[in-house]
Amino acid sequence: MPSAAKADRSASAAPRLLHVFPTFVPAGRETRSATLMNELSADWRHALVAIDGQVSARALLRRPDEVATIEAPRARGVLASILAWRKLLARERPDLVLTYNWGAFDALAAARSLGLPIVHHEDGFNADEAVRQVPRRLWTRRVLLRGVHLVVPSRLLAGIARETWGLAPRLVHHIDNGVDLARYAPRDGAPQLRGRLGIPRDALVVGWLGHLRPVKNPLRFLSAMARVDADLDAWALVVGDGPERAACEALVARTHTLFGRVVFAGHQKDPREHLRAMDALCISSDSEQMPIALVEAMATALPAVSTDVGDVRGMLGPHQEAQIVPLAEHETSWPLAEAIQGLLADPELRARLGAKNRATALGRYGLEAMVRAHEAVWRAALPRR
C-alpha cells in the first residue's frame, strides 16, 4: 500500500486546471463542468474563478473542498483587465487554463500573453448575438482562438468555428453533452411530487427546465401556454431560477389563463423526479447549441416542443419535425402553442415520440463518452513533458 507521503506527491504531480467562467451558477455549461470535475477528480486538480462572483453551482460538486475558488480580478477597461488577469495567472501558474464563452476572453488573452496552454469552450451566444455575431467579437475570436484547442457541443458551432472564425479543424473538438443515462427512468407522472406541488394527478404537464435568463426566453414558453386550449387542463412546470423569474411570475399573475396552472419549482440539483412528472418538455430559447435539458428529457422518454435553434432539430430527428417551430421575427408564441396543443391532444403520439427520444439518448448521449472526450482534449493541450 502506498504511503501517505507518496500519495501526497502523486496528488501534487497531477496537472492543475484553472477554470474561468463568466458565472458559475447551475446552468447547462456549469452543470457539465461540475460533472467533469466530479468524474475526473483523481487525475487532475481543479480550481475555478467566477468573474461575477456567483459560485452557487459549487453545490453540484461531490467534493467541493477539493476545488479551490479564486476571486476574480477587478479592473476597469480591457487593457487593465488583461493586466490584472496576467498577475493572477502568474501567481497561480496553472498547468492548463480552461476558459468559457465570450465573458472569459480577457483571461484567455492574458493566458496567451504568458504562453500558458489553453482550452476554450464555446457553448453558444447570448441574446445580443442570437441573430448575428458582434463584429468586434467576431474578429477577436478569429485572432485569439487561433492555435487554441476549442471545445463546442454542437455541429452548428463547430462549423462556425472552422468556416467563420477560420480555426484549424484539428483544434476544433465537437463533443456532445452527455448524462448518466442509467440514472434516468421513463416518465411515470411522479404522483407524489405532483401531490406536493399541487398539480392534479391527471393533469397534462408541460415542463420547462433551465436557467431563467433572457436568451432562454421563458416568457415565450408561458405566453405559449396561455394560448393552449383550456379544455386540455394543461399545467406548466418551470424548473429553474434566475433573473427572469420575477417577470415570469408577473406574467402569470396578470394572465387569467395561466393563473393557478403554473408551478415555479426553483432550481433543482437533481431534476429527475420533476422530469418524470412532465408529459412533454418545451424549449423556448432564442439561442441554443445542444441543451443538456433536452438530453435529460429524452432520457426520461419525453417528447419535446422547441424553437428551431442549434442542434435541436438533429437531436430530435425527423419524427419530431412537426414539434420544431421556426423563430419568427415578431411572434413565436402562437406556433409554439399550436405545437404544444397538438402534442397534448394525442397521448399515443406522445408515447411514440417519447420512446424514440429515449432510444436516441441511450444510443448517443452517454456520460462516459463525454467525459473521456474532454479528458483527451485536456491531455492534448498540455505541453509535452
# chains A, B, ... in the order shown; residues from 1 in each chain; ligands from 1

call {"tool": "residues_around", "arguments": {"residues": "range 303-309 of chain A", "least_positions_apart": "5", "cutoff": "10 Å", "atoms": "only C-alpha atoms", "output": "ChimeraX atom specification"}}
result
/A:130,156,206-207,221,278-291,294,297-298,316,320-328,332-333,335-340,343,349-358

call {"tool": "write_last_selection", "arguments": {"atoms": "C-alpha atoms", "output": "PDB file, in the first residue's frame"}}
result
ATOM      1  CA  ALA A 130     -28.523  35.253 -31.052  1.00  0.00           C
ATOM      2  CA  LEU A 156     -23.501  24.204 -35.762  1.00  0.00           C
ATOM      3  CA  VAL A 206     -45.586  20.768 -19.965  1.00  0.00           C
ATOM      4  CA  GLY A 207     -42.200  21.359 -18.393  1.00  0.00           C
ATOM      5  CA  PHE A 221     -42.976  29.484 -23.058  1.00  0.00           C
ATOM      6  CA  MET A 278     -43.937  16.046 -17.112  1.00  0.00           C
ATOM      7  CA  ASP A 279     -45.810  14.913 -20.215  1.00  0.00           C
ATOM      8  CA  ALA A 280     -43.623  16.980 -22.547  1.00  0.00           C
ATOM      9  CA  LEU A 281     -40.705  19.425 -22.404  1.00  0.00           C
ATOM     10  CA  CYS A 282     -40.657  22.820 -24.083  1.00  0.00           C
ATOM     11  CA  ILE A 283     -37.520  24.684 -25.177  1.00  0.00           C
ATOM     12  CA  SER A 284     -38.376  28.296 -25.994  1.00  0.00           C
ATOM     13  CA  SER A 285     -34.877  29.758 -26.405  1.00  0.00           C
ATOM     14  CA  ASP A 286     -33.672  32.430 -28.803  1.00  0.00           C
ATOM     15  CA  SER A 287     -30.325  30.627 -28.993  1.00  0.00           C
ATOM     16  CA  GLU A 288     -29.119  27.148 -28.007  1.00  0.00           C
ATOM     17  CA  GLN A 289     -26.486  24.715 -29.172  1.00  0.00           C
ATOM     18  CA  MET A 290     -27.033  21.298 -27.563  1.00  0.00           C
ATOM     19  CA  PRO A 291     -29.267  21.695 -24.496  1.00  0.00           C
ATOM     20  CA  LEU A 294     -33.222  18.193 -23.809  1.00  0.00           C
ATOM     21  CA  ALA A 297     -35.866  14.891 -21.169  1.00  0.00           C
ATOM     22  CA  MET A 298     -35.103  12.437 -23.979  1.00  0.00           C
ATOM     23  CA  LEU A 316     -34.791  15.061 -32.052  1.00  0.00           C
ATOM     24  CA  GLN A 320     -40.262  15.298 -34.198  1.00  0.00           C
ATOM     25  CA  GLU A 321     -40.258  17.623 -37.220  1.00  0.00           C
ATOM     26  CA  ALA A 322     -43.804  18.863 -36.533  1.00  0.00           C
ATOM     27  CA  GLN A 323     -42.865  19.976 -32.999  1.00  0.00           C
ATOM     28  CA  ILE A 324     -39.928  22.198 -34.060  1.00  0.00           C
ATOM     29  CA  VAL A 325     -41.004  25.808 -34.545  1.00  0.00           C
ATOM     30  CA  PRO A 326     -39.036  28.365 -36.603  1.00  0.00           C
ATOM     31  CA  LEU A 327     -38.032  31.529 -34.798  1.00  0.00           C
ATOM     32  CA  ALA A 328     -40.207  34.333 -36.168  1.00  0.00           C
ATOM     33  CA  THR A 332     -43.214  32.784 -31.986  1.00  0.00           C
ATOM     34  CA  SER A 333     -45.599  32.074 -29.096  1.00  0.00           C
ATOM     35  CA  PRO A 335     -46.883  28.491 -33.402  1.00  0.00           C
ATOM     36  CA  LEU A 336     -45.244  27.166 -30.236  1.00  0.00           C
ATOM     37  CA  ALA A 337     -48.681  26.978 -28.614  1.00  0.00           C
ATOM     38  CA  GLU A 338     -50.093  25.121 -31.615  1.00  0.00           C
ATOM     39  CA  ALA A 339     -47.281  22.553 -31.451  1.00  0.00           C
ATOM     40  CA  ILE A 340     -47.803  22.088 -27.693  1.00  0.00           C
ATOM     41  CA  LEU A 343     -48.899  17.074 -28.705  1.00  0.00           C
ATOM     42  CA  LEU A 349     -48.215  10.410 -30.303  1.00  0.00           C
ATOM     43  CA  ARG A 350     -46.594  11.499 -27.025  1.00  0.00           C
ATOM     44  CA  ALA A 351     -45.843   7.897 -26.089  1.00  0.00           C
ATOM     45  CA  ARG A 352     -44.396   7.060 -29.507  1.00  0.00           C
ATOM     46  CA  LEU A 353     -42.200  10.159 -29.706  1.00  0.00           C
ATOM     47  CA  GLY A 354     -41.044   9.749 -26.120  1.00  0.00           C
ATOM     48  CA  ALA A 355     -39.970   6.147 -26.733  1.00  0.00           C
ATOM     49  CA  LYS A 356     -37.995   7.150 -29.819  1.00  0.00           C
ATOM     50  CA  ASN A 357     -36.318  10.009 -27.944  1.00  0.00           C
ATOM     51  CA  ARG A 358     -35.257   7.694 -25.131  1.00  0.00           C
TER      52      ARG A 358
END

call {"tool": "select_by_dssp", "arguments": {"residues": "range 79-213 of chain A", "states": "strand (DSSP E or B)", "output": "VMD selection string"}}
result
chain A and resid 96 to 100 118 to 121 149 to 152 172 to 174 179 204 to 209

call {"tool": "closest_atom_pairs", "arguments": {"of": "range 223-342 of chain A", "to": "range 178-191 of chain A", "cutoff": "9 Å", "atoms": "only C-alpha atoms", "output": "tab-separated table"}}
result
residue	atom	partner	partner_atom	distance
A:Arg272	CA	A:Tyr184	CA	6.8
A:Glu273	CA	A:Ala190	CA	6.4
A:His274	CA	A:Ala190	CA	7.4
A:Leu275	CA	A:Arg187	CA	7.0
A:Arg276	CA	A:Arg187	CA	4.0
A:Ala277	CA	A:Gly189	CA	4.2
A:Met278	CA	A:Gly189	CA	6.4
A:Asp279	CA	A:Gly189	CA	7.5
A:Ile292	CA	A:Gly178	CA	7.4
A:Val295	CA	A:Gly178	CA	7.2
A:Glu296	CA	A:Val179	CA	7.1
A:Ala299	CA	A:Tyr184	CA	6.0
A:Thr300	CA	A:Pro186	CA	4.4
A:Ala301	CA	A:Pro186	CA	5.1
A:Leu302	CA	A:Arg187	CA	7.0

call {"tool": "closest_atom_pairs", "arguments": {"of": "range 208-256 of chain A", "to": "range 44-57 of chain A", "cutoff": "12 Å", "atoms": "only C-alpha atoms", "output": "Markdown table"}}
result
| residue | atom | partner | partner_atom | distance |
| --- | --- | --- | --- | --- |
| A:His211 | CA | A:Ala57 | CA | 11.7 |
| A:Asp241 | CA | A:Ser56 | CA | 11.6 |
| A:Gly242 | CA | A:Ser56 | CA | 11.7 |

call {"tool": "closest_residue", "arguments": {"among": "A:Arg76, A:His19, A:Arg29, A:Arg132", "to": "Val97 in chain A", "atoms": "only C-alpha atoms"}}
result
A:His19

call {"tool": "select_by_dssp", "arguments": {"residues": "range 266-309 of chain A", "states": "helix (DSSP H, G or I)", "output": "ChimeraX atom specification"}}
result
/A:272-276,292-299

call {"tool": "residues_around", "arguments": {"residues": "range 85-93 of chain A", "least_positions_apart": "5", "cutoff": "8 Å", "atoms": "only C-alpha atoms", "output": "PyMOL selection string"}}
result
chain A and resi 73+106-107+110-111+113-114

call {"tool": "closest_residue", "arguments": {"among": "A:Asp65, A:Asp233, A:Pro243, A:Val78", "to": "Arg213 in chain A", "atoms": "only C-alpha atoms"}}
result
A:Pro243

call {"tool": "closest_residue", "arguments": {"among": "A:Arg372, A:Lys216, A:Arg146, A:Arg313", "to": "Gly124 in chain A", "atoms": "only C-alpha atoms"}}
result
A:Lys216

call {"tool": "atom_distance", "arguments": {"atom1": "CA of Arg364 in chain A", "atom2": "CA of Leu60 in chain A"}}
result
23.9 Å

call {"tool": "residues_around", "arguments": {"residues": "Ala109 in chain A", "least_positions_apart": "3", "cutoff": "12 Å", "atoms": "only C-alpha atoms", "output": "PyMOL selection string"}}
result
chain A and resi 78-86+89+97+99+102-106+112-118+120+140-141+143-146+148

call {"tool": "atom_distance", "arguments": {"atom1": "CA of Ala203 in chain A", "atom2": "CA of Ala236 in chain A"}}
result
10.1 Å

call {"tool": "residues_around", "arguments": {"residues": "Gly198 in chain A", "least_positions_apart": "6", "cutoff": "10 Å", "atoms": "only C-alpha atoms", "output": "JSON, numbers by chain"}}
result
{"A": [192, 260, 261, 263]}

call {"tool": "write_last_selection", "arguments": {"atoms": "C-alpha atoms", "output": "tab-separated table (two decimals), in the first residue's frame"}}
result
chain	number	residue	atom	x	y	z
A	192	GLN	CA	-46.08	12.03	-5.10
A	260	GLY	CA	-53.34	28.72	-10.82
A	261	ARG	CA	-51.84	26.48	-13.53
A	263	VAL	CA	-45.74	25.96	-10.70
